[in-house]
Structure formats: C-alpha cells, structure tokens
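A.B. asks: First, the structure itself, so that you have it in front of you.
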Amino acid sequence: MNHIRNYLIAFMGNVTFTYFIFAEGTLNKPVIFSTLMLLLMMGMDIIKGRTTRSLN
C-alpha cells in the first residue's frame, strides 16, 4: 500500500507541475507526460526488485 500512495503523490505532483510548465490550459499533455513518468517509475521499481536478491 505504501508504494501505491507514493505513486499517487508523484503522479499528482507531475500533473500539477507539467500543467504549469506546458501552460496550454488543457490537461492532455500533462496527463500523458505524467502517465509515462509513472510507468517509468513503476518499471524501475520492478526491475530493482527483481535484481535485489537476499537470503533473509
């Protein structure tokens, strides 16, 4: 559950900041950009989780 909350906070932050960066008045580009960033973050976490092996 902790990861989901972190992903949601990061996604909403990305939408907010990219809305002001692109400054077009629409949510199309910010949502697309934030979704791609979310997929990148989730993919990095999955890869990191697969490569981290422990015997504990």
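Identifiers in this document derive from the order of the structure tokens: chains are assigned A, B, ..., residues are numbered from 1 separately in each chain, and ligands are numbered from 1 in order of occurrence.
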Just want the 12 Å neighbourhood of A:Thr35, counted on only C-alpha atoms, with same-chain residues fewer than 4 positions away dropped. Output as a PyMOL selection string.

C.D. replies: chain A and resi 7-8+10-15+18+27-31+39-42

A.B. asks: Any chance you could list, as a ChimeraX atom specification, the residues in chain A that come up helix (DSSP H, G or I) when DSSP is run on the backbone?

C.D. replies: /A:2-22,28-51

A.B. asks: Work out how far apart atom CA of A:Ile47 and atom CA of A:Arg5 are and give it in Å to one decimal.

C.D. replies: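 Between these atoms lies a distance of 19.4 Å.
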
A.B. asks: Within 12 Å of A:Asp45, counting only C-alpha atoms, which residues qualify if same-chain residues fewer than 6 places away don't, as a list in words?

C.D. replies: His3, Ile4, Asn6, Tyr7, Leu38, Leu39, Thr51 and Thr52 of chain A
